[in-house]
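The structure file my_file00.cif is reproduced below (mmCIF, C-alpha atoms).
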```
data_upload
#
loop_
_atom_site.label_atom_id
_atom_site.label_comp_id
_atom_site.auth_asym_id
_atom_site.auth_seq_id
_atom_site.Cartn_x
_atom_site.Cartn_y
_atom_site.Cartn_z
CA MET A 1 -28.44 23.66 -30.57
CA ALA A 2 -29.78 22.77 -27.13
CA TRP A 3 -28.82 25.00 -24.24
CA MET A 4 -28.31 23.78 -20.72
CA SER A 5 -27.04 25.30 -17.53
CA SER A 6 -24.99 22.96 -15.34
CA PRO A 7 -24.30 24.88 -12.15
CA SER A 8 -21.84 23.80 -9.48
CA LEU A 9 -22.73 24.79 -5.93
CA PHE A 10 -19.86 24.89 -3.47
CA SER A 11 -21.78 25.93 -0.36
CA GLY A 12 -23.25 23.31 1.91
CA GLY A 13 -26.89 22.78 2.64
CA ASN A 14 -28.07 22.93 6.21
CA GLY A 15 -27.98 19.16 6.59
CA GLY A 16 -31.55 19.18 7.93
CA TYR A 17 -34.93 18.35 6.51
CA LEU A 18 -35.12 18.83 2.77
CA TYR A 19 -38.17 21.10 2.98
CA GLN A 20 -36.08 23.47 5.14
CA ASP A 21 -32.98 23.34 2.92
CA ALA A 22 -32.78 26.28 0.51
CA ILE A 23 -30.32 24.51 -1.79
CA ALA A 24 -32.44 21.36 -1.91
CA LEU A 25 -35.56 23.35 -2.76
CA GLY A 26 -33.84 25.64 -5.25
CA SER A 27 -32.14 22.76 -7.03
CA PHE A 28 -35.44 20.89 -7.18
CA GLY A 29 -36.94 23.81 -9.05
CA ALA A 30 -33.93 23.82 -11.39
CA ILE A 31 -34.27 20.09 -12.07
CA GLN A 32 -37.93 20.60 -12.99
CA LYS A 33 -36.78 23.05 -15.67
CA GLY A 34 -34.22 20.59 -17.06
CA ILE A 35 -31.18 22.11 -15.35
CA PHE A 36 -28.64 19.63 -14.01
CA VAL A 37 -27.24 20.51 -10.56
CA SER A 38 -24.09 19.20 -8.92
CA CYS A 39 -23.04 20.18 -5.40
CA SER A 40 -20.03 19.73 -3.17
CA ALA A 41 -20.34 17.07 -0.50
CA GLY A 42 -18.46 19.24 1.98
CA ASN A 43 -15.05 19.13 3.65
CA GLY A 44 -16.04 17.70 7.03
CA GLY A 45 -14.37 14.29 6.66
CA PRO A 46 -13.29 11.79 7.58
CA TYR A 47 -16.16 11.79 10.08
CA ASN A 48 -19.43 10.10 9.17
CA TYR A 49 -22.68 12.11 9.06
CA THR A 50 -20.88 15.16 7.66
CA VAL A 51 -22.13 15.09 4.07
CA THR A 52 -24.14 18.11 2.92
CA ASN A 53 -26.33 18.73 -0.14
CA ASP A 54 -27.97 15.34 0.25
CA ALA A 55 -31.12 15.82 -1.82
CA PRO A 56 -31.53 12.76 -4.09
CA TRP A 57 -31.97 14.87 -7.24
CA ILE A 58 -28.56 16.55 -6.74
CA LEU A 59 -25.31 14.94 -7.85
CA THR A 60 -23.34 15.17 -4.59
CA VAL A 61 -19.58 15.11 -5.20
CA GLY A 62 -16.80 14.07 -2.83
CA ALA A 63 -13.07 14.57 -3.42
CA SER A 64 -10.32 12.18 -4.41
CA THR A 65 -6.70 12.39 -5.51
CA THR A 66 -5.42 12.34 -9.08
CA ASP A 67 -2.44 10.38 -10.33
CA ARG A 68 -0.31 13.57 -10.18
CA THR A 69 1.79 14.48 -7.15
CA ILE A 70 4.25 17.31 -6.59
CA ARG A 71 7.03 15.75 -4.58
CA ALA A 72 9.64 16.84 -2.09
CA THR A 73 11.80 14.68 0.18
CA ALA A 74 13.61 15.05 3.47
CA LYS A 75 16.65 12.82 3.88
CA LEU A 76 17.38 12.48 7.57
CA GLY A 77 20.78 12.33 9.22
CA ASN A 78 20.27 8.61 9.96
CA GLY A 79 19.91 7.89 6.24
CA HIS A 80 16.13 7.43 6.22
CA GLN A 81 14.07 9.38 3.71
CA VAL A 82 10.61 10.88 4.13
CA ASP A 83 8.51 11.71 1.08
CA GLY A 84 5.88 14.43 1.00
CA GLN A 85 4.17 16.96 -1.23
CA SER A 86 5.09 20.58 -1.86
CA ILE A 87 4.92 23.28 -4.52
CA PHE A 88 7.19 26.23 -3.84
CA TRP A 89 10.89 25.71 -3.23
CA PRO A 90 13.72 28.21 -3.72
CA ALA A 91 16.81 27.26 -5.71
CA LYS A 92 18.85 26.31 -2.63
CA PHE A 93 16.59 23.28 -2.10
CA SER A 94 16.87 22.00 -5.68
CA LYS A 95 19.35 19.37 -6.75
CA PRO A 96 22.33 19.53 -6.79
CA LYS A 97 22.18 22.47 -4.36
CA SER A 98 20.29 20.67 -1.59
CA LEU A 99 21.35 21.76 1.89
CA SER A 100 21.49 19.85 5.14
CA LEU A 101 19.73 21.91 7.80
CA PRO A 102 19.07 21.43 11.52
CA LEU A 103 15.67 19.91 12.29
CA VAL A 104 13.60 21.08 15.26
CA PHE A 105 10.25 20.05 16.76
CA PRO A 106 8.76 22.64 19.16
CA GLY A 107 6.65 20.09 21.03
CA LEU A 108 9.50 18.59 23.05
CA GLY A 109 10.44 18.92 26.71
CA ASP A 110 8.85 21.79 28.62
CA ASN A 111 7.08 22.94 25.45
CA ARG A 112 5.11 19.72 25.11
CA GLY A 113 1.45 20.35 24.33
CA PHE A 114 -1.09 20.65 21.52
CA TRP A 115 -0.41 24.31 20.81
CA SER A 116 3.37 24.06 20.60
CA GLU A 117 3.25 20.82 18.61
CA SER A 118 0.98 22.60 16.11
CA CYS A 119 3.21 25.70 15.90
CA ALA A 120 0.32 27.87 17.04
CA PRO A 121 0.83 31.65 17.00
CA GLY A 122 3.39 32.70 19.63
CA THR A 123 4.67 29.21 20.45
CA LEU A 124 8.06 29.62 18.72
CA ARG A 125 9.11 32.81 20.53
CA ASP A 126 11.55 31.00 22.82
CA ILE A 127 12.77 28.41 20.29
CA ASP A 128 15.84 28.83 18.14
CA ALA A 129 14.47 28.10 14.67
CA ILE A 130 16.61 30.48 12.58
CA GLU A 131 17.59 28.79 9.30
CA LYS A 132 16.24 25.47 10.55
CA VAL A 133 13.53 23.11 9.37
CA VAL A 134 10.57 23.12 11.79
CA LEU A 135 8.28 20.10 12.19
CA CYS A 136 4.64 21.02 12.96
CA GLU A 137 1.54 18.91 13.46
CA ARG A 138 -1.78 19.58 11.78
CA GLY A 139 -4.90 20.03 13.84
CA SER A 140 -5.64 21.50 17.28
CA GLY A 141 -7.74 24.19 15.59
CA VAL A 142 -4.69 25.96 14.16
CA ARG A 143 -5.00 26.95 10.50
CA ARG A 144 -2.14 25.99 8.19
CA ALA A 145 -1.62 29.62 7.21
CA GLU A 146 -1.18 30.50 10.91
CA GLN A 147 1.41 27.75 11.28
CA GLU A 148 3.32 29.02 8.27
CA ASP A 149 3.26 32.59 9.58
CA GLU A 150 4.57 31.52 12.98
CA VAL A 151 7.39 29.45 11.47
CA ASN A 152 8.29 32.32 9.15
CA ARG A 153 8.35 34.81 12.06
CA ALA A 154 10.78 32.50 13.86
CA GLY A 155 13.22 32.81 10.93
CA ALA A 156 13.02 29.16 9.86
CA ALA A 157 14.19 28.07 6.43
CA ALA A 158 11.37 25.56 5.83
CA MET A 159 8.55 23.68 7.50
CA ILE A 160 7.50 20.04 7.50
CA LEU A 161 3.79 19.65 8.20
CA MET A 162 2.80 16.21 9.49
CA ASN A 163 -0.75 14.89 9.48
CA GLN A 164 -2.70 14.27 12.61
CA GLU A 165 -3.66 10.62 13.03
CA LEU A 166 -7.15 11.35 11.70
CA ASP A 167 -5.81 12.34 8.25
CA GLY A 168 -3.55 9.31 7.89
CA PHE A 169 -1.87 9.11 4.49
CA SER A 170 -3.89 11.88 2.82
CA THR A 171 -1.45 14.62 1.78
CA LEU A 172 -1.73 17.57 -0.59
CA ALA A 173 0.37 20.26 -2.22
CA GLU A 174 -0.35 23.89 -1.39
CA ALA A 175 1.01 27.18 -2.67
CA ARG A 176 2.93 28.76 0.21
CA TYR A 177 5.42 31.61 0.44
CA LEU A 178 7.56 29.48 2.79
CA PRO A 179 8.88 26.08 1.65
CA VAL A 180 6.53 23.50 3.20
CA ILE A 181 6.47 19.71 2.88
CA HIS A 182 3.23 17.93 3.79
CA VAL A 183 3.85 14.37 5.03
CA SER A 184 1.66 11.54 6.30
CA TYR A 185 1.02 10.80 9.95
CA LEU A 186 3.26 7.71 9.81
CA ASP A 187 6.16 9.65 8.30
CA GLY A 188 5.60 12.35 10.90
CA LEU A 189 6.05 9.78 13.65
CA LYS A 190 9.32 8.70 12.02
CA LEU A 191 10.51 12.31 12.04
CA LYS A 192 9.62 12.78 15.71
CA SER A 193 11.36 9.53 16.62
CA TYR A 194 14.50 10.59 14.80
CA ILE A 195 14.53 14.04 16.44
CA ASN A 196 14.23 12.36 19.84
CA SER A 197 17.05 9.94 19.07
CA THR A 198 19.88 12.44 18.55
CA SER A 199 21.16 15.71 19.93
CA ASN A 200 21.86 17.03 16.44
CA PRO A 201 18.96 16.13 14.13
CA ASN A 202 19.24 17.37 10.58
CA ALA A 203 17.58 16.88 7.21
CA THR A 204 18.50 17.45 3.59
CA ILE A 205 15.50 18.89 1.79
CA THR A 206 15.10 18.28 -1.95
CA PHE A 207 12.30 19.40 -4.25
CA ARG A 208 11.51 16.63 -6.75
CA GLY A 209 8.87 18.33 -8.89
CA THR A 210 5.82 16.85 -10.57
CA SER A 211 5.37 13.14 -11.09
CA THR A 212 2.46 11.32 -12.71
CA GLY A 213 1.22 7.77 -12.82
CA ASP A 214 0.44 7.19 -9.13
CA SER A 215 -1.05 3.71 -9.31
CA SER A 216 -2.95 4.09 -6.02
CA ALA A 217 -5.07 6.94 -7.44
CA PRO A 218 -7.79 7.83 -7.00
CA MET A 219 -7.81 7.79 -3.20
CA VAL A 220 -10.58 9.41 -1.16
CA ALA A 221 -9.23 12.56 0.52
CA SER A 222 -9.42 12.65 4.29
CA PHE A 223 -11.33 15.94 4.25
CA SER A 224 -14.05 14.66 1.92
CA SER A 225 -17.34 14.52 3.86
CA ARG A 226 -18.88 11.14 4.51
CA GLY A 227 -22.38 9.79 4.80
CA PRO A 228 -24.84 8.63 5.83
CA THR A 229 -27.00 11.71 5.93
CA SER A 230 -27.76 12.85 9.46
CA VAL A 231 -31.48 13.44 8.95
CA ASN A 232 -32.64 12.07 5.61
CA ILE A 233 -32.06 8.40 6.39
CA GLY A 234 -32.16 6.13 3.35
CA ILE A 235 -30.38 8.52 0.98
CA LEU A 236 -26.88 7.20 0.30
CA LYS A 237 -24.47 10.09 -0.27
CA PRO A 238 -22.06 11.22 -1.68
CA ASP A 239 -22.92 9.97 -5.16
CA ILE A 240 -19.43 10.09 -6.63
CA VAL A 241 -15.93 11.41 -6.03
CA GLY A 242 -13.89 13.43 -8.50
CA PRO A 243 -10.49 15.13 -8.69
CA GLY A 244 -10.31 17.44 -5.70
CA VAL A 245 -6.73 17.35 -4.37
CA SER A 246 -4.00 19.76 -5.49
CA ILE A 247 -6.02 21.22 -8.38
CA LEU A 248 -4.62 24.16 -10.36
CA ALA A 249 -7.22 26.94 -10.25
CA ALA A 250 -7.65 30.59 -11.10
CA TRP A 251 -7.22 32.84 -8.06
CA PRO A 252 -7.82 36.58 -7.63
CA PHE A 253 -4.87 37.30 -5.32
CA PRO A 254 -1.11 36.63 -5.44
CA VAL A 255 -0.12 33.68 -3.26
CA ASP A 256 3.58 34.56 -2.97
CA LYS A 257 3.07 38.00 -1.38
CA LYS A 258 4.61 39.71 -4.42
CA GLN A 259 3.19 42.93 -5.77
CA ASN A 260 1.83 43.02 -9.33
CA PRO A 261 2.30 39.31 -10.11
CA LYS A 262 2.22 38.19 -13.73
CA SER A 263 -0.46 35.60 -13.00
CA THR A 264 -2.73 34.74 -10.13
CA PHE A 265 -3.21 31.02 -9.91
CA ASN A 266 -3.40 28.76 -6.92
CA VAL A 267 -3.34 25.05 -6.17
CA LEU A 268 -6.41 24.20 -4.12
CA SER A 269 -7.98 21.15 -2.53
CA GLY A 270 -11.57 20.51 -1.51
CA THR A 271 -14.90 19.28 -2.77
CA SER A 272 -15.27 22.75 -4.32
CA MET A 273 -12.55 21.60 -6.72
CA SER A 274 -14.07 18.20 -7.50
CA CYS A 275 -17.62 19.42 -8.07
CA PRO A 276 -16.83 21.50 -11.21
CA HIS A 277 -15.23 18.45 -12.84
CA LEU A 278 -18.58 16.69 -12.70
CA SER A 279 -20.45 19.75 -13.93
CA GLY A 280 -18.13 19.77 -16.93
CA ILE A 281 -18.85 16.12 -17.62
CA ALA A 282 -22.58 16.84 -17.38
CA ALA A 283 -22.26 19.67 -19.90
CA LEU A 284 -20.42 17.37 -22.32
CA LEU A 285 -23.16 14.76 -21.99
CA LYS A 286 -25.91 17.30 -22.60
CA SER A 287 -24.11 18.65 -25.67
CA SER A 288 -24.14 15.13 -27.16
CA HIS A 289 -27.57 14.09 -25.90
CA SER A 290 -29.78 17.14 -25.85
CA ASP A 291 -32.84 15.00 -25.05
CA TRP A 292 -31.40 13.62 -21.81
CA SER A 293 -32.98 14.84 -18.58
CA PRO A 294 -30.91 15.77 -15.51
CA ALA A 295 -31.82 12.38 -14.01
CA ALA A 296 -30.58 10.60 -17.15
CA ILE A 297 -27.30 12.51 -17.02
CA LYS A 298 -26.83 11.67 -13.36
CA SER A 299 -27.54 8.02 -14.12
CA ALA A 300 -25.08 7.99 -17.01
CA ILE A 301 -22.33 9.45 -14.82
CA MET A 302 -22.90 7.17 -11.85
CA THR A 303 -23.50 3.89 -13.67
CA THR A 304 -20.45 4.19 -15.92
CA ALA A 305 -17.95 5.52 -13.36
CA ASN A 306 -15.10 3.47 -11.98
CA LEU A 307 -15.24 1.31 -8.88
CA LEU A 308 -11.51 0.49 -8.86
CA ASN A 309 -8.27 2.47 -8.78
CA ARG A 310 -5.55 2.46 -11.43
CA GLN A 311 -4.14 -0.78 -10.03
CA GLY A 312 -7.50 -2.48 -10.49
CA HIS A 313 -7.99 -2.72 -6.72
CA ALA A 314 -10.58 -1.22 -4.41
CA ILE A 315 -10.39 2.56 -4.04
CA LEU A 316 -8.73 3.38 -0.71
CA ASN A 317 -9.36 6.01 1.94
CA GLU A 318 -6.89 8.06 4.00
CA ARG A 319 -6.04 5.02 6.14
CA LEU A 320 -5.21 2.93 3.05
CA LEU A 321 -8.31 0.83 3.71
CA PRO A 322 -11.04 0.18 1.12
CA ALA A 323 -13.37 3.18 1.05
CA ASP A 324 -16.91 2.30 2.03
CA GLY A 325 -20.22 3.45 0.59
CA PHE A 326 -20.31 6.37 3.00
CA SER A 327 -17.15 7.75 1.33
CA LEU A 328 -18.00 7.14 -2.29
CA GLN A 329 -20.28 5.16 -4.53
CA MET A 330 -18.31 5.60 -7.74
CA SER A 331 -15.18 7.45 -8.84
CA LEU A 332 -14.46 9.74 -11.74
CA GLN A 333 -10.81 8.90 -12.35
CA SER A 334 -8.39 11.38 -13.85
CA GLY A 335 -4.92 11.14 -15.27
CA PRO A 336 -3.35 10.06 -18.55
CA ALA A 337 -6.04 8.17 -20.48
CA MET A 338 -8.19 7.91 -17.36
CA LEU A 339 -10.61 10.82 -17.68
CA THR A 340 -12.88 9.28 -20.31
CA PRO A 341 -16.26 11.00 -20.63
CA GLN A 342 -16.83 8.84 -23.70
CA ARG A 343 -17.93 6.09 -21.34
CA GLN A 344 -20.68 8.30 -19.99
CA MET A 345 -21.92 9.01 -23.53
CA ILE A 346 -23.40 5.50 -23.50
CA ARG A 347 -25.49 5.50 -20.37
CA GLY A 348 -25.85 2.44 -18.21
CA LEU A 349 -28.86 1.76 -16.00
CA PHE A 350 -31.30 4.64 -16.52
CA MET A 351 -32.95 5.93 -13.34
CA ILE A 352 -35.55 8.68 -13.26
CA SER A 353 -37.12 10.69 -10.46
CA ASN A 354 -40.45 9.36 -9.27
CA PRO A 355 -43.25 10.57 -6.98
CA MET A 356 -41.53 9.01 -3.95
CA THR A 357 -38.49 11.20 -4.58
CA ILE A 358 -40.65 14.31 -4.83
CA CYS A 359 -42.47 13.41 -1.62
CA LEU A 360 -39.16 13.54 0.26
CA THR A 361 -39.46 17.32 0.33
CA CYS A 362 -42.71 16.96 2.26
CA VAL A 363 -42.33 14.04 4.64
CA VAL A 364 -38.64 13.56 5.40
#
```
Could I get this structure in the form of structure tokens?
Amino acid sequence: MAWMSSPSLFSGGNGGYLYQDAIALGSFGAIQKGIFVSCSAGNGGPYNYTVTNDAPWILTVGASTTDRTIRATAKLGNGHQVDGQSIFWPAKFSKPKSLSLPLVFPGLGDNRGFWSESCAPGTLRDIDAIEKVVLCERGSGVRRAEQEDEVNRAGAAAMILMNQELDGFSTLAEARYLPVIHVSYLDGLKLKSYINSTSNPNATITFRGTSTGDSSAPMVASFSSRGPTSVNIGILKPDIVGPGVSILAAWPFPVDKKQNPKSTFNVLSGTSMSCPHLSGIAALLKSSHSDWSPAAIKSAIMTTANLLNRQGHAILNERLLPADGFSLQMSLQSGPAMLTPQRQMIRGLFMISNPMTICLTCVV
């Protein structure tokens, strides 16, 4: 039986010249010994020139959604409904026990500003948020955990986290100790407009649970780093995107702040989640084709991957526009009957490393 290591590297290279990049050099040595290497593209999107691990012999993996979402909704007092993603909700927010609660946005009036809109630490001290739903904006350098802590300190019942414009329609589900709904930028604008339109804004929060079959999947996640490479011009990266949004993963610490939990799992998003999917596919290919080189495995994955989403249309980005070659080249789709490594077992166009590739370490 042939043995092969298929490591996933989640740290980013230095984004500079390949001969100065420890990951590029180390992975090159691994490739020479027949070891396939896949690396995360990084979480610097949606800006261009943010991709890392751009050596041509590495399979560089971006992140996309799956067809599974974990849904929650907020029905506003004007009858409109906003859909988002969430994981943890106490019983009082589950049908038929859904409650109508006051809705507050701290970035209004005298509190207007980036920090208050983002629910930065200390910004809710003078705002009555007890047993209310607080709307917060992403961004402004405030971490989501800090936002949750501030809302929790204010005594709020739940939080709605709206995207900044940059992240568009890219939402994800996260394990939080406070009920949190993550909504798109457009839905966030609807919430702000509603709050401004009435003196008594309120929302009925309902946790919908898991749904599958999202026909727009896969969609490139807003955080997934984009090319082109900043230094090594001519290398088109990332090579592929894989499932990297709201992925169930092992986790060493409790996420609900309980002592002695029965299990420690988390739901995580990032290219560190998508990269292991491709390493697993590579291991399956090597187990069936022990004579294939790392270059052959990379070719088989890339030339048999999908170019379209589940609807048969172009794969979209966070703005619901067709993703360009700087976001992805191909997609490893996942979902019912969609994750099909059998396709990769019959490789397409076979590309191998050549002296020009090797010379990149010297002259680029």
| request: State, in Å with one decimal place, the distance from atom CA of Glu148 of chain A to atom CA of Thr65 of chain A. | output: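 Computing the Euclidean distance for atom CA of Glu148 of chain A and atom CA of Thr65 of chain A yields 23.8 Å.
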Explicit residue set for the PyMOL selection byres ((chain A and resi 192) around 12), as a ChimeraX atom specification
/A:76,82,103-108,117,134-137,160-162,185-191,193-198,201-202
From the list A:Cys119, A:Ala156, A:Val267, A:Ala72, the nearest residue to Trp89 of chain A using all atoms listed in the file is A:Ala72
Report as JSON, numbers by chain the full result of the PyMOL selection byres ((chain A and resi 272) around 12) when it is applied to this structure. {"A": [8, 9, 10, 11, 12, 38, 39, 40, 41, 42, 43, 60, 61, 62, 63, 64, 223, 224, 225, 241, 242, 243, 244, 245, 246, 247, 249, 268, 269, 270, 271, 273, 274, 275, 276, 277, 278, 279]}
Neighbours of Val231 of chain A within 10 Å (all atoms listed in the file; same-chain residues fewer than 3 positions away dropped), as a VMD selection string?
chain A and resid 15 to 18 49 54 228 234 to 235 364
Enclose segment 128-135 of chain A, meaning all of its atoms listed in the file, in a box aligned along x, y and z, pad it by 4 Å on each side, and list the centre and edge lengths in Å to one decimal, as lines of an AutoDock Vina configuration file.
```
center_x = 12.9
center_y = 25.3
center_z = 13.7
size_x = 17.3
size_y = 18.4
size_z = 16.8
```
request  = Evaluate the PyMOL selection byres ((chain A and resi 83-87) around 7) here and jot the selected residues down as a ChimeraX atom specification.
outcome  = /A:69-74,81-82,88-89,171-175,180-183
Taken to one decimal, the atom CA of Arg208 of chain A-atom CA of Gly45 of chain A distance is 29.2 Å
* At what distance in Å, to one decimal, does atom CA of Gln147 of chain A lie from atom CA of Val133 of chain A? ->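 Separation between atom CA of Val133 of chain A and atom CA of Gln147 of chain A: 13.1 Å.
For the choices A:Ala154, A:Ala323, A:Ile31, A:Ala314, the atom-to-atom distance to Ser216 of chain A is smallest for A:Ala314 when using all atoms listed in the file.
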Requested in this report: Around the point (-2.7, -0.7, -1.7), in the coordinates given by the file, pick out the residues reaching within 12 Å, counting all atoms listed in the file, and return them as a count of residues only.
Outcome: 23
Q) Restricting the calculation to only C-alpha atoms, which member of A:Pro121, A:Pro294, A:Gly168, A:Gly325 is positioned closest to Gly29 of chain A? A)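 Looking at the shortest contact to Gly29 of chain A, the residue is A:Pro294.
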Across A:Ala250, A:Ala158, A:Ala22, A:Ile35, the smallest distance to Ser290 of chain A, with all atoms listed in the file counted, is shown by A:Ile35
Inset, instruction - Give me the residues within 6 Å of Lys75 of chain A as a list of chain:residue names, counting only C-alpha atoms and dropping any in the same chain fewer than 2 places off. - result: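 Neighbouring residues, sequence-local ones excluded: A:His80, A:Gln81, A:Ala203, A:Thr204.
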**OP:** With a distance cut-off of 10 Å and only C-alpha atoms, select the neighbouring residues of Ala157 of chain A, excluding the residue or stretch itself and same-chain residues fewer than 3 positions from it, and output the selection as a PyMOL selection string.
**Re:** chain A and resi 101-102+129-134+151-152+154+178-180
Handout entry: Neighbours of point (-32.6, 14.0, -18.1) within 10 Å, using all atoms listed in the file, written as a list of chain:residue names
Key = A:Ile31, A:Gln32, A:Gly34, A:Ile35, A:Phe36, A:Lys286, A:His289, A:Ser290, A:Asp291, A:Trp292, A:Ser293, A:Pro294, A:Ala295, A:Ala296, A:Ile297, A:Lys298, A:Ser299, A:Ala300, A:Phe350, A:Met351, A:Ile352, A:Ser353
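Ranking A:Trp251, A:Lys33, A:Arg138, A:Ala282 by their shortest atom-to-atom distance to Met159 of chain A, with only C-alpha atoms included, puts A:Arg138 first.
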